[in-house]
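Containing PDB, C-alpha atoms, pLDDT in the B column: my_file15.pdb.
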MODEL        1
ATOM      1  CA  MET A  58     -11.478  -3.773 -29.634  1.00 42.00           C
ATOM      2  CA  GLY A  59     -11.844  -0.209 -30.753  1.00 47.00           C
ATOM      3  CA  VAL A  60      -8.217   0.720 -31.344  1.00 49.00           C
ATOM      4  CA  THR A  61      -7.971   4.489 -31.716  1.00 64.00           C
ATOM      5  CA  GLY A  62      -4.307   4.768 -32.608  1.00 82.00           C
ATOM      6  CA  LYS A  63      -0.716   3.789 -32.029  1.00 88.00           C
ATOM      7  CA  VAL A  64       1.738   5.626 -29.830  1.00 91.00           C
ATOM      8  CA  GLN A  65       5.285   5.450 -31.184  1.00 89.00           C
ATOM      9  CA  GLY A  66       8.504   7.402 -31.559  1.00 91.00           C
ATOM     10  CA  GLU A  67       9.167  10.226 -29.121  1.00 92.00           C
ATOM     11  CA  LYS A  68       5.594  10.127 -27.828  1.00 92.00           C
ATOM     12  CA  LEU A  69       6.126   6.494 -26.832  1.00 93.00           C
ATOM     13  CA  THR A  70       9.245   7.399 -24.853  1.00 93.00           C
ATOM     14  CA  ASP A  71       7.359  10.264 -23.196  1.00 94.00           C
ATOM     15  CA  LEU A  72       4.533   7.901 -22.254  1.00 93.00           C
ATOM     16  CA  PHE A  73       6.879   5.398 -20.608  1.00 94.00           C
ATOM     17  CA  ASN A  74       8.770   8.163 -18.817  1.00 93.00           C
ATOM     18  CA  GLU A  75       5.491   9.333 -17.324  1.00 92.00           C
ATOM     19  CA  LEU A  76       4.679   5.779 -16.162  1.00 91.00           C
ATOM     20  CA  VAL A  77       8.097   5.582 -14.511  1.00 91.00           C
ATOM     21  CA  GLU A  78       7.767   8.978 -12.868  1.00 90.00           C
ATOM     22  CA  LYS A  79       4.302   8.288 -11.463  1.00 83.00           C
ATOM     23  CA  ARG A  80       5.139   4.650 -10.677  1.00 81.00           C
ATOM     24  CA  SER A  81       1.893   3.713 -12.381  1.00 81.00           C
ATOM     25  CA  MET A  82       0.557   0.216 -12.073  1.00 80.00           C
ATOM     26  CA  VAL A  83       0.657  -2.025 -15.167  1.00 86.00           C
ATOM     27  CA  SER A  84      -0.781  -5.491 -15.650  1.00 84.00           C
ATOM     28  CA  MET A  85       1.675  -8.063 -17.029  1.00 87.00           C
ATOM     29  CA  ASN A  86       0.697 -11.379 -18.593  1.00 87.00           C
ATOM     30  CA  VAL A  87       3.145 -14.114 -19.596  1.00 89.00           C
ATOM     31  CA  VAL A  88       1.483 -15.368 -22.777  1.00 85.00           C
ATOM     32  CA  GLY A  89       0.965 -19.122 -22.704  1.00 79.00           C
ATOM     33  CA  ALA A  90       1.795 -19.504 -19.008  1.00 81.00           C
ATOM     34  CA  GLY A  91      -1.408 -18.308 -17.344  1.00 77.00           C
ATOM     35  CA  PHE A  92       0.664 -15.865 -15.285  1.00 82.00           C
ATOM     36  CA  ASP A  93      -0.838 -12.431 -14.532  1.00 79.00           C
ATOM     37  CA  ARG A  94       0.588  -9.938 -12.073  1.00 82.00           C
ATOM     38  CA  LEU A  95       0.405  -6.239 -11.291  1.00 80.00           C
ATOM     39  CA  THR A  96       3.770  -4.525 -11.453  1.00 86.00           C
ATOM     40  CA  CYS A  97       5.319  -1.230 -12.570  1.00 88.00           C
ATOM     41  CA  ILE A  98       7.864   0.046 -15.080  1.00 92.00           C
ATOM     42  CA  THR A  99      10.842   1.375 -13.123  1.00 92.00           C
ATOM     43  CA  GLY A 100      13.064   2.804 -15.851  1.00 93.00           C
ATOM     44  CA  ILE A 101      14.368   2.953 -19.410  1.00 93.00           C
ATOM     45  CA  SER A 102      17.869   1.792 -20.334  1.00 90.00           C
ATOM     46  CA  GLN A 103      19.879   1.842 -23.557  1.00 86.00           C
ATOM     47  CA  ASP A 104      22.795  -0.062 -25.055  1.00 82.00           C
ATOM     48  CA  ASP A 105      24.236  -0.565 -28.514  1.00 79.00           C
ATOM     49  CA  LYS A 106      21.323  -2.842 -29.421  1.00 80.00           C
ATOM     50  CA  GLY A 107      18.611  -0.322 -28.585  1.00 83.00           C
ATOM     51  CA  ASN A 108      16.288   0.801 -25.795  1.00 87.00           C
ATOM     52  CA  TYR A 109      14.931  -1.400 -23.026  1.00 93.00           C
ATOM     53  CA  LEU A 110      12.231  -1.152 -20.399  1.00 95.00           C
ATOM     54  CA  LEU A 111      13.020  -2.092 -16.815  1.00 95.00           C
ATOM     55  CA  VAL A 112      10.061  -3.742 -15.090  1.00 94.00           C
ATOM     56  CA  ASP A 113       9.796  -4.594 -11.412  1.00 90.00           C
ATOM     57  CA  ALA A 114      10.064  -8.403 -11.250  1.00 88.00           C
ATOM     58  CA  PRO A 115       7.333 -10.302  -9.365  1.00 84.00           C
ATOM     59  CA  HIS A 116       8.931 -12.754  -6.929  1.00 83.00           C
ATOM     60  CA  ASP A 117       7.443 -15.792  -8.716  1.00 85.00           C
ATOM     61  CA  PHE A 118       8.225 -14.654 -12.266  1.00 89.00           C
ATOM     62  CA  ALA A 119      11.347 -16.810 -12.719  1.00 87.00           C
ATOM     63  CA  GLY A 120       9.412 -19.985 -12.038  1.00 87.00           C
ATOM     64  CA  ALA A 121       6.664 -19.022 -14.475  1.00 85.00           C
ATOM     65  CA  VAL A 122       9.099 -18.595 -17.394  1.00 88.00           C
ATOM     66  CA  ALA A 123      11.577 -21.352 -16.471  1.00 86.00           C
ATOM     67  CA  ALA A 124      10.488 -23.629 -19.347  1.00 85.00           C
ATOM     68  CA  MET A 125      10.379 -20.848 -21.964  1.00 87.00           C
ATOM     69  CA  ASP A 126      13.113 -20.279 -24.524  1.00 87.00           C
ATOM     70  CA  GLN A 127      11.861 -16.734 -25.120  1.00 91.00           C
ATOM     71  CA  TRP A 128       9.537 -14.584 -23.068  1.00 92.00           C
ATOM     72  CA  HIS A 129       6.333 -13.377 -24.695  1.00 92.00           C
ATOM     73  CA  LEU A 130       4.851 -10.682 -22.466  1.00 93.00           C
ATOM     74  CA  ARG A 131       1.652  -8.695 -22.789  1.00 91.00           C
ATOM     75  CA  PHE A 132       1.096  -5.483 -20.835  1.00 92.00           C
ATOM     76  CA  ASN A 133      -1.865  -3.207 -20.363  1.00 86.00           C
ATOM     77  CA  PHE A 134      -2.382  -0.091 -18.278  1.00 86.00           C
ATOM     78  CA  ASN A 135      -4.497   3.020 -17.836  1.00 80.00           C
ATOM     79  CA  GLY A 136      -2.925   5.982 -19.597  1.00 81.00           C
ATOM     80  CA  PRO A 137      -2.986   9.637 -18.556  1.00 78.00           C
ATOM     81  CA  ASP A 138      -6.259  10.017 -20.483  1.00 77.00           C
ATOM     82  CA  HIS A 139      -7.769   7.054 -18.573  1.00 71.00           C
ATOM     83  CA  LEU A 140      -7.984   4.976 -21.744  1.00 78.00           C
ATOM     84  CA  GLU A 141      -6.536   1.480 -21.913  1.00 80.00           C
ATOM     85  CA  TYR A 142      -3.134   0.946 -23.514  1.00 88.00           C
ATOM     86  CA  ILE A 143      -1.698  -2.417 -24.638  1.00 90.00           C
ATOM     87  CA  PHE A 144       1.711  -3.540 -25.851  1.00 94.00           C
ATOM     88  CA  ARG A 145       3.633  -6.786 -26.297  1.00 94.00           C
ATOM     89  CA  THR A 146       7.296  -7.701 -26.134  1.00 95.00           C
ATOM     90  CA  ARG A 147       9.358 -10.786 -26.974  1.00 94.00           C
ATOM     91  CA  GLY A 148      12.610 -11.706 -25.308  1.00 92.00           C
ATOM     92  CA  GLY A 149      14.298 -10.123 -22.330  1.00 91.00           C
ATOM     93  CA  ARG A 150      16.235 -11.250 -19.300  1.00 91.00           C
ATOM     94  CA  LEU A 151      16.197 -11.025 -15.534  1.00 89.00           C
ATOM     95  CA  CYS A 152      18.608  -8.487 -14.029  1.00 87.00           C
ATOM     96  CA  GLU A 153      18.623  -8.601 -10.223  1.00 80.00           C
ATOM     97  CA  GLN A 154      15.126  -7.401  -9.242  1.00 83.00           C
ATOM     98  CA  SER A 155      14.150  -6.130 -12.708  1.00 89.00           C
ATOM     99  CA  LEU A 156      13.052  -7.558 -16.027  1.00 94.00           C
ATOM    100  CA  LYS A 157      14.992  -6.002 -18.892  1.00 94.00           C
ATOM    101  CA  ILE A 158      12.745  -6.268 -21.938  1.00 94.00           C
ATOM    102  CA  PRO A 159      13.019  -4.855 -25.481  1.00 94.00           C
ATOM    103  CA  PHE A 160      11.378  -1.499 -26.085  1.00 94.00           C
ATOM    104  CA  PRO A 161       8.150  -2.108 -28.054  1.00 94.00           C
ATOM    105  CA  GLU A 162       7.770  -0.545 -31.507  1.00 92.00           C
ATOM    106  CA  HIS A 163       4.428   0.921 -30.501  1.00 93.00           C
ATOM    107  CA  VAL A 164       1.665   0.882 -27.912  1.00 94.00           C
ATOM    108  CA  GLU A 165      -1.984   0.516 -28.905  1.00 90.00           C
ATOM    109  CA  ARG A 166      -4.432   2.987 -27.392  1.00 87.00           C
ATOM    110  CA  LEU A 167      -7.956   1.604 -27.085  1.00 80.00           C
ATOM    111  CA  GLN A 168     -11.214   3.501 -27.050  1.00 67.00           C
ATOM    112  CA  ARG A 169     -12.613   1.727 -24.036  1.00 61.00           C
ATOM    113  CA  ARG A 170     -11.914   2.838 -20.525  1.00 58.00           C
ATOM    114  CA  ARG A 171     -10.597   0.342 -18.022  1.00 60.00           C
ATOM    115  CA  ASN A 172     -10.129   0.763 -14.311  1.00 67.00           C
ATOM    116  CA  PHE A 173      -7.690  -1.389 -12.409  1.00 70.00           C
ATOM    117  CA  ARG A 174      -9.206  -3.243  -9.515  1.00 79.00           C
ATOM    118  CA  VAL A 175      -7.013  -3.359  -6.439  1.00 84.00           C
ATOM    119  CA  ASN A 176      -7.621  -5.692  -3.501  1.00 86.00           C
ATOM    120  CA  THR A 177      -8.679  -3.832  -0.379  1.00 90.00           C
ATOM    121  CA  LEU A 178      -7.313  -4.263   3.130  1.00 88.00           C
ATOM    122  CA  THR A 179      -9.235  -6.185   5.788  1.00 90.00           C
ATOM    123  CA  GLY A 180     -11.853  -3.959   7.344  1.00 92.00           C
ATOM    124  CA  SER A 181     -12.756  -2.044   4.187  1.00 94.00           C
ATOM    125  CA  GLN A 182     -16.539  -1.764   4.042  1.00 95.00           C
ATOM    126  CA  ILE A 183     -19.510  -0.169   2.323  1.00 94.00           C
ATOM    127  CA  HIS A 184     -22.389   1.079   4.468  1.00 93.00           C
ATOM    128  CA  PHE A 185     -25.669   1.741   2.701  1.00 91.00           C
ATOM    129  CA  LYS A 186     -29.336   2.345   3.406  1.00 86.00           C
ATOM    130  CA  LEU A 187     -32.167   1.423   1.074  1.00 82.00           C
ATOM    131  CA  LYS A 188     -35.612   2.315   2.398  1.00 79.00           C
ATOM    132  CA  LYS A 189     -35.676   0.363   5.696  1.00 78.00           C
ATOM    133  CA  ILE A 190     -32.687  -1.798   4.861  1.00 79.00           C
ATOM    134  CA  HIS A 191     -29.324  -0.999   6.407  1.00 84.00           C
ATOM    135  CA  GLY A 192     -26.533  -3.127   4.966  1.00 88.00           C
ATOM    136  CA  ILE A 193     -22.794  -3.607   5.351  1.00 90.00           C
ATOM    137  CA  ILE A 194     -20.600  -5.032   2.603  1.00 93.00           C
ATOM    138  CA  ASP A 195     -17.069  -6.291   3.192  1.00 93.00           C
ATOM    139  CA  LEU A 196     -15.017  -5.113   0.225  1.00 94.00           C
ATOM    140  CA  ILE A 197     -12.895  -7.489  -1.839  1.00 91.00           C
ATOM    141  CA  ASN A 198     -11.569  -4.988  -4.347  1.00 90.00           C
ATOM    142  CA  VAL A 199     -12.050  -1.440  -5.568  1.00 91.00           C
ATOM    143  CA  SER A 200     -11.424   0.607  -8.703  1.00 86.00           C
ATOM    144  CA  LEU A 201     -12.108   4.176  -9.747  1.00 84.00           C
ATOM    145  CA  GLY A 202     -15.275   2.906 -11.414  1.00 86.00           C
ATOM    146  CA  GLY A 203     -16.761   0.653  -8.764  1.00 91.00           C
ATOM    147  CA  VAL A 204     -16.429  -1.893  -5.968  1.00 93.00           C
ATOM    148  CA  TYR A 205     -16.930  -5.612  -5.352  1.00 92.00           C
ATOM    149  CA  GLY A 206     -17.683  -7.247  -2.027  1.00 93.00           C
ATOM    150  CA  VAL A 207     -19.699  -9.597   0.186  1.00 92.00           C
ATOM    151  CA  LEU A 208     -22.874  -8.576   1.995  1.00 88.00           C
ATOM    152  CA  ILE A 209     -22.116  -9.580   5.584  1.00 85.00           C
ATOM    153  CA  LYS A 210     -24.873  -7.872   7.527  1.00 75.00           C
ATOM    154  CA  HIS A 211     -28.326  -6.397   7.099  1.00 70.00           C
ATOM    155  CA  ASN A 212     -31.256  -5.741   9.409  1.00 58.00           C
ATOM    156  CA  PHE A 213     -33.838  -7.904   7.590  1.00 58.00           C
ATOM    157  CA  LYS A 214     -33.478 -11.279   9.332  1.00 62.00           C
ATOM    158  CA  PHE A 215     -36.066 -13.213   7.362  1.00 57.00           C
ATOM    159  CA  ILE A 216     -35.354 -12.036   3.840  1.00 58.00           C
ATOM    160  CA  ARG A 217     -34.697 -14.820   1.308  1.00 67.00           C
ATOM    161  CA  GLY A 218     -32.512 -14.447  -1.742  1.00 69.00           C
ATOM    162  CA  PRO A 219     -30.382 -11.405  -2.513  1.00 79.00           C
ATOM    163  CA  VAL A 220     -31.161  -8.226  -0.607  1.00 83.00           C
ATOM    164  CA  LEU A 221     -30.298  -6.145  -3.674  1.00 87.00           C
ATOM    165  CA  LYS A 222     -31.388  -6.824  -7.244  1.00 89.00           C
ATOM    166  CA  MET A 223     -29.688  -6.329 -10.604  1.00 92.00           C
ATOM    167  CA  ASP A 224     -29.698  -2.693 -11.770  1.00 92.00           C
ATOM    168  CA  GLN A 225     -30.844  -1.544  -8.339  1.00 91.00           C
ATOM    169  CA  GLN A 226     -29.416   1.761  -7.187  1.00 93.00           C
ATOM    170  CA  ILE A 227     -28.315   2.723  -3.709  1.00 91.00           C
ATOM    171  CA  HIS A 228     -27.824   6.341  -2.637  1.00 91.00           C
ATOM    172  CA  ASN A 229     -25.507   8.195  -0.258  1.00 90.00           C
ATOM    173  CA  VAL A 230     -23.100   5.309   0.175  1.00 94.00           C
ATOM    174  CA  SER A 231     -20.097   5.562   2.495  1.00 96.00           C
ATOM    175  CA  ILE A 232     -16.977   3.499   1.757  1.00 96.00           C
ATOM    176  CA  GLU A 233     -14.706   3.121   4.766  1.00 95.00           C
ATOM    177  CA  PHE A 234     -11.041   2.298   4.214  1.00 94.00           C
ATOM    178  CA  PRO A 235      -9.017   1.439   7.330  1.00 91.00           C
ATOM    179  CA  GLY A 236      -5.656   3.049   7.874  1.00 78.00           C
ATOM    180  CA  ASN A 237      -2.294   1.446   8.569  1.00 70.00           C
ATOM    181  CA  GLN A 238       0.959   2.497  10.169  1.00 68.00           C
ATOM    182  CA  ASP A 239       1.698   4.804   7.228  1.00 67.00           C
ATOM    183  CA  GLN A 240      -1.720   6.165   6.263  1.00 70.00           C
ATOM    184  CA  PRO A 241      -4.780   7.289   8.264  1.00 78.00           C
ATOM    185  CA  GLY A 242      -8.164   5.798   7.501  1.00 86.00           C
ATOM    186  CA  GLN A 243     -10.334   7.382   4.826  1.00 91.00           C
ATOM    187  CA  THR A 244     -14.068   7.556   4.116  1.00 95.00           C
ATOM    188  CA  VAL A 245     -15.245   8.114   0.550  1.00 96.00           C
ATOM    189  CA  TYR A 246     -18.840   9.083  -0.214  1.00 96.00           C
ATOM    190  CA  VAL A 247     -20.731   8.031  -3.345  1.00 96.00           C
ATOM    191  CA  LYS A 248     -23.989   9.778  -4.170  1.00 95.00           C
ATOM    192  CA  ARG A 249     -25.312   6.903  -6.282  1.00 94.00           C
ATOM    193  CA  ALA A 250     -24.116   3.371  -7.139  1.00 95.00           C
ATOM    194  CA  GLU A 251     -25.760   0.608  -9.172  1.00 94.00           C
ATOM    195  CA  VAL A 252     -25.658  -3.186  -8.899  1.00 94.00           C
ATOM    196  CA  ILE A 253     -24.119  -4.668 -12.063  1.00 92.00           C
ATOM    197  CA  ARG A 254     -23.403  -8.244 -10.922  1.00 92.00           C
ATOM    198  CA  ILE A 255     -24.689 -10.637  -8.240  1.00 92.00           C
ATOM    199  CA  GLU A 256     -22.982 -13.896  -7.246  1.00 90.00           C
ATOM    200  CA  HIS A 257     -24.355 -16.471  -4.795  1.00 86.00           C
ATOM    201  CA  ASP A 258     -21.943 -18.503  -2.675  1.00 81.00           C
ATOM    202  CA  GLN A 259     -24.224 -21.468  -2.047  1.00 78.00           C
ATOM    203  CA  ASP A 260     -21.819 -23.247   0.313  1.00 77.00           C
ATOM    204  CA  ARG A 261     -21.703 -20.346   2.761  1.00 76.00           C
ATOM    205  CA  GLY A 262     -24.955 -18.646   1.857  1.00 78.00           C
ATOM    206  CA  PHE A 263     -23.309 -15.316   1.020  1.00 85.00           C
ATOM    207  CA  TYR A 264     -24.136 -12.940  -1.799  1.00 89.00           C
ATOM    208  CA  ARG A 265     -21.379 -10.981  -3.523  1.00 91.00           C
ATOM    209  CA  TYR A 266     -22.186  -7.765  -5.350  1.00 93.00           C
ATOM    210  CA  ALA A 267     -20.385  -5.661  -7.921  1.00 93.00           C
ATOM    211  CA  PHE A 268     -21.338  -1.985  -8.098  1.00 95.00           C
ATOM    212  CA  THR A 269     -20.567   0.723 -10.589  1.00 92.00           C
ATOM    213  CA  PHE A 270     -20.414   4.333  -9.451  1.00 93.00           C
ATOM    214  CA  VAL A 271     -23.122   6.381 -11.169  1.00 93.00           C
ATOM    215  CA  ASP A 272     -22.818   9.741  -9.412  1.00 93.00           C
ATOM    216  CA  MET A 273     -19.853  10.938  -7.392  1.00 92.00           C
ATOM    217  CA  GLU A 274     -18.481  14.354  -6.482  1.00 92.00           C
ATOM    218  CA  LYS A 275     -15.109  15.362  -7.926  1.00 88.00           C
ATOM    219  CA  GLN A 276     -13.513  15.732  -4.500  1.00 91.00           C
ATOM    220  CA  GLU A 277     -14.641  12.219  -3.567  1.00 93.00           C
ATOM    221  CA  GLN A 278     -13.183  10.868  -6.827  1.00 87.00           C
ATOM    222  CA  ASP A 279      -9.898  12.530  -5.911  1.00 84.00           C
ATOM    223  CA  LYS A 280      -9.985  10.926  -2.449  1.00 88.00           C
ATOM    224  CA  LEU A 281     -10.660   7.516  -3.994  1.00 89.00           C
ATOM    225  CA  THR A 282      -7.821   7.991  -6.483  1.00 83.00           C
ATOM    226  CA  GLN A 283      -5.448   8.626  -3.575  1.00 82.00           C
ATOM    227  CA  VAL A 284      -6.744   5.578  -1.671  1.00 87.00           C
ATOM    228  CA  ILE A 285      -6.156   3.340  -4.713  1.00 84.00           C
ATOM    229  CA  TYR A 286      -2.701   4.811  -5.263  1.00 78.00           C
ATOM    230  CA  ASP A 287      -1.832   4.138  -1.600  1.00 81.00           C
ATOM    231  CA  LEU A 288      -3.102   0.556  -1.874  1.00 82.00           C
ATOM    232  CA  GLN A 289      -1.059  -0.057  -5.015  1.00 75.00           C
ATOM    233  CA  ARG A 290       2.052   1.327  -3.353  1.00 73.00           C
ATOM    234  CA  TRP A 291       1.449  -0.772  -0.218  1.00 75.00           C
ATOM    235  CA  TYR A 292       1.111  -3.990  -2.229  1.00 72.00           C
ATOM    236  CA  LEU A 293       4.227  -3.222  -4.274  1.00 66.00           C
ATOM    237  CA  GLN A 294       6.257  -2.567  -1.110  1.00 64.00           C
ATOM    238  CA  ARG A 295       4.970  -5.776   0.495  1.00 62.00           C
ATOM    239  CA  ARG A 296       6.141  -7.769  -2.539  1.00 53.00           C
ATOM    240  CA  LYS A 297       9.753  -6.655  -2.260  1.00 48.00           C
TER     241      LYS A 297
ENDMDL
END

Here is a file; write its structure as structure tokens.
Amino acid sequence: MGVTGKVQGEKLTDLFNELVEKRSMVSMNVVGAGFDRLTCITGISQDDKGNYLLVDAPHDFAGAVAAMDQWHLRFNFNGPDHLEYIFRTRGGRLCEQSLKIPFPEHVERLQRRRNFRVNTLTGSQIHFKLKKIHGIIDLINVSLGGVYGVLIKHNFKFIRGPVLKMDQQIHNVSIEFPGNQDQPGQTVYVKRAEVIRIEHDQDRGFYRYAFTFVDMEKQEQDKLTQVIYDLQRWYLQRRK
């Protein structure tokens, strides 16, 4: 896995405080239950038995752990350095809308980078041109490293098979994110993206594509970071 070190002691507390302050998204897995949800750490508490993390409780969490004598939870998240961090806890209890779980002894920092994928809102699309092909892709999800979606339209009516091939690159891509009542719409531009996965939905005849971003201006990365943050916040508010 490429573990590069353990975060513990005061540095561990500092790390969790930063997650709380920024309301950063974390992925939580209930080991043995097949339950995975995105959530966030909302605070740190302390009593005579030690420190605890307070985690925003998904609405269906109680049902997932109903048959368990003791919770075994696994968390991972992107740290401030954009590396992946992992920790596990055992035990805990549900307090109103929060999970109160024991403070871990350490968090593992991994060498690999990992970008959270967040589902996009209806109407999010990629527009691209490749030679004479003009295509539109309905987005399913997005991360800081790439996008995934369904090709819904192109101007080559008689083409058979996938319009794009593995490892093919598209240039000057525009990603359009619709707005909502709280946020205006946003367009993010990618200078170069590459196809890294192709899936064929044989029942409906669609092709789904996953792209990685190869070349992107810093200001566009910043815009995308804000879009993803807004999406995360929107989904968390909807879950309340």

Worksheet entry | Within-10 Å shell of (-20.2, -13.4, 8.4) in input frame, only C-alpha atoms, as number ranges by chain | A: 195, 207-210, 261-263

Discussion item. I need the output of the PyMOL selection byres ((chain A and resi 102) around 10) for this file as JSON, numbers by chain; which residues are they?
Written reply: {"A": [100, 101, 103, 104, 107, 108, 109, 110, 111, 157, 158, 159, 160]}

Test item: which residues lie within 12 Å of (-19.4, 12.5, -6.8) counting all atoms listed in the file, as a compact mmCIF listing (two decimals) with C-alpha atoms, keeping the file's coordinate frame:
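File produced: out.txt:
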# COMPACT_ATOMS: atom_id res chain seq x y z
CA LEU A 201 -12.11 4.18 -9.75
CA GLY A 202 -15.28 2.91 -11.41
CA HIS A 228 -27.82 6.34 -2.64
CA ASN A 229 -25.51 8.20 -0.26
CA VAL A 230 -23.10 5.31 0.18
CA SER A 231 -20.10 5.56 2.50
CA VAL A 245 -15.24 8.11 0.55
CA TYR A 246 -18.84 9.08 -0.21
CA VAL A 247 -20.73 8.03 -3.34
CA LYS A 248 -23.99 9.78 -4.17
CA ARG A 249 -25.31 6.90 -6.28
CA ALA A 250 -24.12 3.37 -7.14
CA PHE A 270 -20.41 4.33 -9.45
CA VAL A 271 -23.12 6.38 -11.17
CA ASP A 272 -22.82 9.74 -9.41
CA MET A 273 -19.85 10.94 -7.39
CA GLU A 274 -18.48 14.35 -6.48
CA LYS A 275 -15.11 15.36 -7.93
CA GLN A 276 -13.51 15.73 -4.50
CA GLU A 277 -14.64 12.22 -3.57
CA GLN A 278 -13.18 10.87 -6.83
CA ASP A 279 -9.90 12.53 -5.91
CA LYS A 280 -9.98 10.93 -2.45
CA LEU A 281 -10.66 7.52 -3.99

Practice prompt. Quote the spacing between CA of Phe118 (chain A) and CA of Leu69 (chain A) in Å to one decimal place.
Written response: 25.8 Å

Worksheet item: Of the residues A:Thr96, A:Arg166, A:Thr269, A:Glu141, which is the one nearest to Val199 (chain A), using all atoms listed in the file?
Response: A:Thr269

Practice prompt. Figure out the distance between CA of Gln226 (chain A) and CA of Lys189 (chain A), please, to one decimal in Å.
Written response: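 According to the coordinates, CA of Lys189 (chain A) and CA of Gln226 (chain A) are separated by 14.4 Å.
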
Worksheet entry | Close residues, Glu165 (chain A) itself excluded, 6 Å, all atoms listed in the file, min 4 positions apart in chain, as number ranges by chain | A: 63, 142-143

Same residues, C-alpha atoms, output as a CSV table (one decimal), in the coordinates of the input:
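Here's the written file part_26.csv:
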chain,number,residue,atom,x,y,z
A,63,LYS,CA,-0.7,3.8,-32.0
A,142,TYR,CA,-3.1,0.9,-23.5
A,143,ILE,CA,-1.7,-2.4,-24.6

Discussion item. Set the distance at 12 Å and use all atoms listed in the file: which residues neighbour Val284 (chain A) once local chain neighbours fewer than 2 positions away are removed? I'd like the list as a ChimeraX atom specification.
Written reply: /A:175-178,181,198-201,232-237,240-245,277-282,286-291

Convert the current residue selection to file output with C-alpha atoms, as a PDB file, in the coordinates of the input.
ATOM      1  CA  VAL A 175      -7.013  -3.359  -6.439  1.00 84.00           C
ATOM      2  CA  ASN A 176      -7.621  -5.692  -3.501  1.00 86.00           C
ATOM      3  CA  THR A 177      -8.679  -3.832  -0.379  1.00 90.00           C
ATOM      4  CA  LEU A 178      -7.313  -4.263   3.130  1.00 88.00           C
ATOM      5  CA  SER A 181     -12.756  -2.044   4.187  1.00 94.00           C
ATOM      6  CA  ASN A 198     -11.569  -4.988  -4.347  1.00 90.00           C
ATOM      7  CA  VAL A 199     -12.050  -1.440  -5.568  1.00 91.00           C
ATOM      8  CA  SER A 200     -11.424   0.607  -8.703  1.00 86.00           C
ATOM      9  CA  LEU A 201     -12.108   4.176  -9.747  1.00 84.00           C
ATOM     10  CA  ILE A 232     -16.977   3.499   1.757  1.00 96.00           C
ATOM     11  CA  GLU A 233     -14.706   3.121   4.766  1.00 95.00           C
ATOM     12  CA  PHE A 234     -11.041   2.298   4.214  1.00 94.00           C
ATOM     13  CA  PRO A 235      -9.017   1.439   7.330  1.00 91.00           C
ATOM     14  CA  GLY A 236      -5.656   3.049   7.874  1.00 78.00           C
ATOM     15  CA  ASN A 237      -2.294   1.446   8.569  1.00 70.00           C
ATOM     16  CA  GLN A 240      -1.720   6.165   6.263  1.00 70.00           C
ATOM     17  CA  PRO A 241      -4.780   7.289   8.264  1.00 78.00           C
ATOM     18  CA  GLY A 242      -8.164   5.798   7.501  1.00 86.00           C
ATOM     19  CA  GLN A 243     -10.334   7.382   4.826  1.00 91.00           C
ATOM     20  CA  THR A 244     -14.068   7.556   4.116  1.00 95.00           C
ATOM     21  CA  VAL A 245     -15.245   8.114   0.550  1.00 96.00           C
ATOM     22  CA  GLU A 277     -14.641  12.219  -3.567  1.00 93.00           C
ATOM     23  CA  GLN A 278     -13.183  10.868  -6.827  1.00 87.00           C
ATOM     24  CA  ASP A 279      -9.898  12.530  -5.911  1.00 84.00           C
ATOM     25  CA  LYS A 280      -9.985  10.926  -2.449  1.00 88.00           C
ATOM     26  CA  LEU A 281     -10.660   7.516  -3.994  1.00 89.00           C
ATOM     27  CA  THR A 282      -7.821   7.991  -6.483  1.00 83.00           C
ATOM     28  CA  TYR A 286      -2.701   4.811  -5.263  1.00 78.00           C
ATOM     29  CA  ASP A 287      -1.832   4.138  -1.600  1.00 81.00           C
ATOM     30  CA  LEU A 288      -3.102   0.556  -1.874  1.00 82.00           C
ATOM     31  CA  GLN A 289      -1.059  -0.057  -5.015  1.00 75.00           C
ATOM     32  CA  ARG A 290       2.052   1.327  -3.353  1.00 73.00           C
ATOM     33  CA  TRP A 291       1.449  -0.772  -0.218  1.00 75.00           C
TER      34      TRP A 291
END

Grab all the atoms of region 229-247 of chain A that the file lists, wrap them in a box along x, y and z, add 4 Å per side, and give me centre plus edge lengths in Å (one decimal) as JSON.
{"center_x": -11.9, "center_y": 5.3, "center_z": 3.4, "size_x": 35.2, "size_y": 15.6, "size_z": 21.5}

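Reported to one decimal place, the separation of CA of Asn133 (chain A) from CA of Val164 (chain A) is 9.3 Å.
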
Discussion item. I'd like to see the residues matched by the PyMOL selection byres ((chain A and resi 130) around 9) on this file, and ideally I'd get them as a PyMOL selection string.
Written reply: chain A and resi 85-88+128-129+131-132+144-148

Item to complete: Point out the residue among A:Lys188, A:Asp224, A:Pro219, A:Gln154 with the least atom-to-atom distance to Asp258 (chain A), counting only C-alpha atoms.
Response: A:Pro219

Generate a file for region 192-208 of chain A, containing C-alpha atoms, as a compact mmCIF listing (two decimals), in the first residue's frame.
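Done, and the output landed in result.txt:
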# COMPACT_ATOMS: atom_id res chain seq x y z
CA GLY A 192 -19.60 15.18 -28.45
CA ILE A 193 -21.56 15.77 -25.27
CA ILE A 194 -21.15 13.63 -22.16
CA ASP A 195 -23.62 13.63 -19.28
CA LEU A 196 -21.54 13.51 -16.10
CA ILE A 197 -22.13 10.92 -13.39
CA ASN A 198 -19.38 11.99 -11.02
CA VAL A 199 -16.33 14.21 -10.79
CA SER A 200 -13.10 14.43 -8.80
CA LEU A 201 -10.09 16.71 -8.83
CA GLY A 202 -8.36 14.13 -11.01
CA GLY A 203 -11.02 13.31 -13.58
CA VAL A 204 -14.63 12.71 -14.59
CA TYR A 205 -16.96 9.83 -15.45
CA GLY A 206 -20.05 10.02 -17.62
CA VAL A 207 -22.23 8.78 -20.48
CA LEU A 208 -21.80 9.89 -24.08
